[in-house]
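See structure below.
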Amino acid sequence: MAEQRRGLGRGLSALMDENAGGADAPAGGVRELPIELVDRNPKQPRVDFDGDELNLLAASIRDKGLLQPILVRAAPDKPGQYQIVAGERRWRAAQIANLKLIPALIRELDDLETLEIGIIENVQRIDLNPYEEAAAYKALIDRFGRTQEQIAEAVGKSRSHVANALRLLGLPEFVLHALRTNIMSAGHARAIAASPDPESLARIVIDEGLSVRAAEALARKAQASPSKPRARPQTDVARDADTQALEQDIAGLLGLEVQILDRGGAGEVRISYATLEQLDDLCRRLTGG
């Protein structure tokens with residue numbers, strides 16, 4: 001059990017302590033690295049970064065500098081370069097702020113340690129969307145054999161919070177997409193999770209902008225009358241099929257996930273990207289550049 005808990009017990013504070021010594025946190029102070037020699041970890045568990053928050057952080061960095069170093073390791077496949085272990089958000093904001101050098105702590109870490117630290121750092125320090133948070137917990141369980149109690153202790157949450165987050169992963173893909181894109185909150189998702197048809201209720205909750213309390217009432221009504229759920233008209237079913245086909249066509253053209261939210265002839269087209277490179281490519285396509 002002691003060996004199983006080693007990674008979580010190690011803690012970010014020990015890794016980020018520039019005076020820390022020992023095998024688990026080799027000594028070495030903060031270094032200024034050329035920012036072009038630092039790259040993200042392609043296996044980083046977080047893929048969505050809020051643009052407004054990055055711009056606010058970039059403004060702070062321009063004014064005060066980057067007060068906390070990022071954590072890196074030697075890039076396993078790029079000699080002379082470095083891979084981010086923790087601090088991608090600060091690295092992205094530093095690029096926006098046009099920093100040439102970035103303060104960093106260099107540690108010797110293998111792939112599993114890097115992934116585990118990245119997961120815990122994200123959950124502890126950044127507001128992940130509910131899907132990302134649940135997926136992070138599942139990765140800790142599946143890849144590292146952690147228990148819910150160990151995860152709760154490591155990230156400063158209750159065990160019930162971790163358990164409730166993990167239950168969200170059993171919801172239909174439409175609901176998971178709504179969680180990933182912050183169209184729906186975790187409270188809404190939990191409210192409809194035990195209903196006979198969570199996807200239908202999710203569409204109603206989104207279209208009508210229901211509160212969590214209203215979603216709970218809707219779910220209770222659906223559970224009390226499972227044979228007569230509050231369903232959409234038959235014409236909507238056909239429209240949904242057409243909409244899904246259109247989503248697939250656009251997604252095939254762009255190579256990105258696309259969602260169309262139609263509300264009686266008006267609505268939104270949402271395009272999801274996982275990296276800044278994908279966003280740049282999308283902008284080039286839209287502007288003809």
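Identifiers for the structure tokens are assigned positionally: chains receive A, B, ... in sequence, residues are indexed from 1 per chain, and ligands are indexed from 1 in the order shown.
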Checklist line | Polymer residues at most 6 Å from range 185-201 of chain A, only C-alpha atoms, same-chain spacing of 6 or more positions, as a ChimeraX atom specification | finding: /A:130,212,216,219,223
Next item on the list: Just the residues within 7 Å of range 79-89 of chain A, please, counting only C-alpha atoms, with nothing from its chain fewer than 5 positions along; format it as a PyMOL selection string.
Entry: chain A and resi 37-41+70-74+114+117-118+121
Check: Which residues come within 9 Å of Phe174 in chain A, counting only C-alpha atoms, excluding same-chain residues fewer than 4 positions away, as a list in words?
Finding: Ala178, Leu179, Glu199, Ala202 and Arg203 of chain A
Item checked: Residues flagged alpha helix (DSSP H) by DSSP in range 80-240 of chain A, as a VMD selection string -> chain A and resid 88 to 96 111 to 125 130 to 144 148 to 155 159 to 167 173 to 180 186 to 192 198 to 208 212 to 224 234 to 240
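All residues of protein, DNA or RNA that reach within 8 Å of Arg31 in chain A, judged by only C-alpha atoms and not counting those fewer than 4 positions away in the chain, are Pro103, Ala104, Leu105 and Ile106 of chain A.
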Next, dump the selected residues to file, keeping only N, CA and C atoms, as a compact mmCIF listing (two decimals), in the first residue's frame.
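File produced: again-v4.txt:
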```txt
# COMPACT_ATOMS: atom_id res chain seq x y z
N PRO A 103 10.31 30.94 -16.44
CA PRO A 103 10.92 30.27 -15.29
C PRO A 103 10.39 28.84 -15.16
N ALA A 104 11.31 27.91 -14.93
CA ALA A 104 10.91 26.50 -14.89
C ALA A 104 11.76 25.72 -13.91
N LEU A 105 11.15 24.70 -13.34
CA LEU A 105 11.86 23.70 -12.54
C LEU A 105 11.97 22.44 -13.38
N ILE A 106 13.16 21.89 -13.48
CA ILE A 106 13.38 20.68 -14.28
C ILE A 106 13.49 19.48 -13.34
```
Check: Taking the backbone alone, and naming residues the way the document does, which bits of range 100-165 of chain A are strand (DSSP E or B) by DSSP, as an NGL selection string?
Finding: :A and (101-106)
Next item on the list: Do a neighbour search on range 64-66 of chain A at 8 Å with only C-alpha atoms, toss out local chain neighbours closer than 5 positions, and write the hits as a PyMOL selection string.
Entry: chain A and resi 90+94+102-103
Item checked: Best match for closeness to Gly265 in chain A among A:Ala75, A:Ala154, A:Thr243, A:Asp281, counting only C-alpha atoms -> A:Thr243
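Minimum atom-to-atom distances from A:Ala139, A:Thr147, A:Val155, A:Val162 to Asn122 in chain A were compared using only C-alpha atoms, and the lowest value belongs to A:Val155.
If you measure from each of A:Val269, A:Asp77, A:Arg107, A:Arg220 to Gly29 in chain A using only C-alpha atoms, the closest one turns out to be A:Arg107.
CA of Pro69 in chain A lies 9.1 Å from CA of Glu32 in chain A.
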Margin query: So the first atom is CA of Leu261 in chain A and the second is CA of Asp207 in chain A; what is the distance between them in Å, to one decimal place?
Written below: 8.6 Å
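CA of His161 in chain A is found 29.1 Å from CA of Gln259 in chain A.
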